[in-house]
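Shown next, in structure tokens, is the structure this report addresses.
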Amino acid sequence: MTKQVNKADPQNWLQQYGDLLYQYTLPRVNDSVIAEDLVQETFLSALKGLDGYKGEASEKNWLFTILKNKIIDHYRKKSSGLSVMSMPDLQGADGGWFDEEGSWVENRMPKDWDAADKPLERKEIQKIINWCKDHLKELQQHVFTLKYMEDLDSIEICKILNISSSNYWVLIHRARLKMRDCVEKHRL
Amino acid sequence: MVNCKEATFLMAKKEEGKLSVMEGIKLAMHTSMCSFCKKFEKQTSQIGKESRHVHAENSLPDFAKDKIEKMLKNHSS
């Protein structure tokens with residue numbers, strides 16, 4: 001039996017994967033021009049690396065692996081030159097979820113989602129998530145995107161964004177509080 | 001005992017298996033008694049799971065397609 005080997009077919013890339021790659025990239029970088037550039041760079045890198053493509057992964061997965069690295073590079077570049085002192089997301093008030101004892105403030109307590117009239121479709125929830133994510137403060141948005149949309153772990157994210165792990169946990173805690181709050185408000 | 005603020009903080013670490021045994025016990029004790037934090041954990045984990053699948057519905061704009069088309073032709077010929 002011969003092992004099936006995938007063959008790359010650059011002539012069809014744009015038609016087959018152009019929209020797919022773009023639709024993945026756009027919510028992860030929040031900027032249509034950057035998303036277009038990253039898709040183009042992905043195809044370009046793929047062309048240059050054609051000899052290295054052994055066909056073990058499907059063409060689609062291979063392109064996505066390249067794209068995901070481009071997205072990480074984008075965040076790495078974005079964060080270089082940022083200093084912790086200029087991170088407003090880390091300073092100031094906590095967002096008012098908890099009182100002095102650290103208990104939930106009465107009107108900020110998580111509500112029961114199951115009690116809503118009709119359960120939301122997954123697509124609907126994903127749309128709300130995307131909207132809410134766009135409304136996070138910059139650095140919270142970056143950690144949220146890399147953690148939950150790109151599925152990276154905290155160690156990788158700290159390296160990419162050049163932040164300390166204690167800063168990371170504060171940022172992700174606040175991002176999670178805000179996201180849950182925002183999704184709740186928009187789903188009810 | 002931890003409070004709600006600390007409990008919700010620890011939950012993010014728990015997702016990555018980064019809790020010490022003591023923190024794990026404190027968090028579990030708190031969540032078993034606090035229905036709000038229990039909801040928070042469930043809802044936040046749902047958001048985390050769905051986030052991976054977020055996609056835009058827009059297509060790659062035509063002018064970007066043209067640009068990429070040219071680039072692909074130039075480099076593959």
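Residue names in the structure tokens use chain letters A, B, ... in the order shown, residue numbers from 1 in each chain, and ligand numbers from 1 in the order shown.
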
Which residues of chain B are close to chain A, meaning at most 6 Å apart when you count only C-alpha atoms, and how do they look as a short mmCIF file (atom, residue, chain, number, x, y, z; two decimals) with C-alpha atoms, in the first residue's frame?
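File written: selection.cif
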```
data_model
loop_
_atom_site.label_atom_id
_atom_site.label_comp_id
_atom_site.auth_asym_id
_atom_site.auth_seq_id
_atom_site.Cartn_x
_atom_site.Cartn_y
_atom_site.Cartn_z
CA ASN B 3 -12.69 35.29 48.34
CA CYS B 4 -14.47 35.65 45.00
CA LYS B 5 -11.85 37.97 43.54
CA PHE B 9 -8.08 34.86 39.57
CA PHE B 36 -21.69 32.92 41.49
CA GLY B 48 -12.84 30.10 25.98
CA SER B 51 -13.32 31.67 20.97
CA ARG B 52 -11.21 29.22 19.03
CA VAL B 54 -14.49 32.71 15.84
CA HIS B 55 -14.34 33.58 12.14
CA ALA B 56 -15.18 36.62 10.10
CA SER B 59 -14.37 37.50 1.93
CA LEU B 60 -10.89 38.56 0.99
CA ILE B 68 -2.04 38.00 -4.40
#
```

As an exercise, work out the distance from CA of Cys34 in chain B to CA of Gln140 in chain A in Å and give it to one decimal place.
26.4 Å

One decimal place gives the CA of Glu23 in chain B-CA of Leu10 in chain B separation as 7.6 Å

Neighbours of Ile72 in chain A within 12 Å (only C-alpha atoms; same-chain residues fewer than 4 positions away dropped), as a PyMOL selection string?
chain A and resi 25+28-29+38+65-68+76-79+142-143+145-147+149-152+156-161

What is the CA of Glu138 in chain A to CA of Leu171 in chain A distance in Å?
10.3 Å
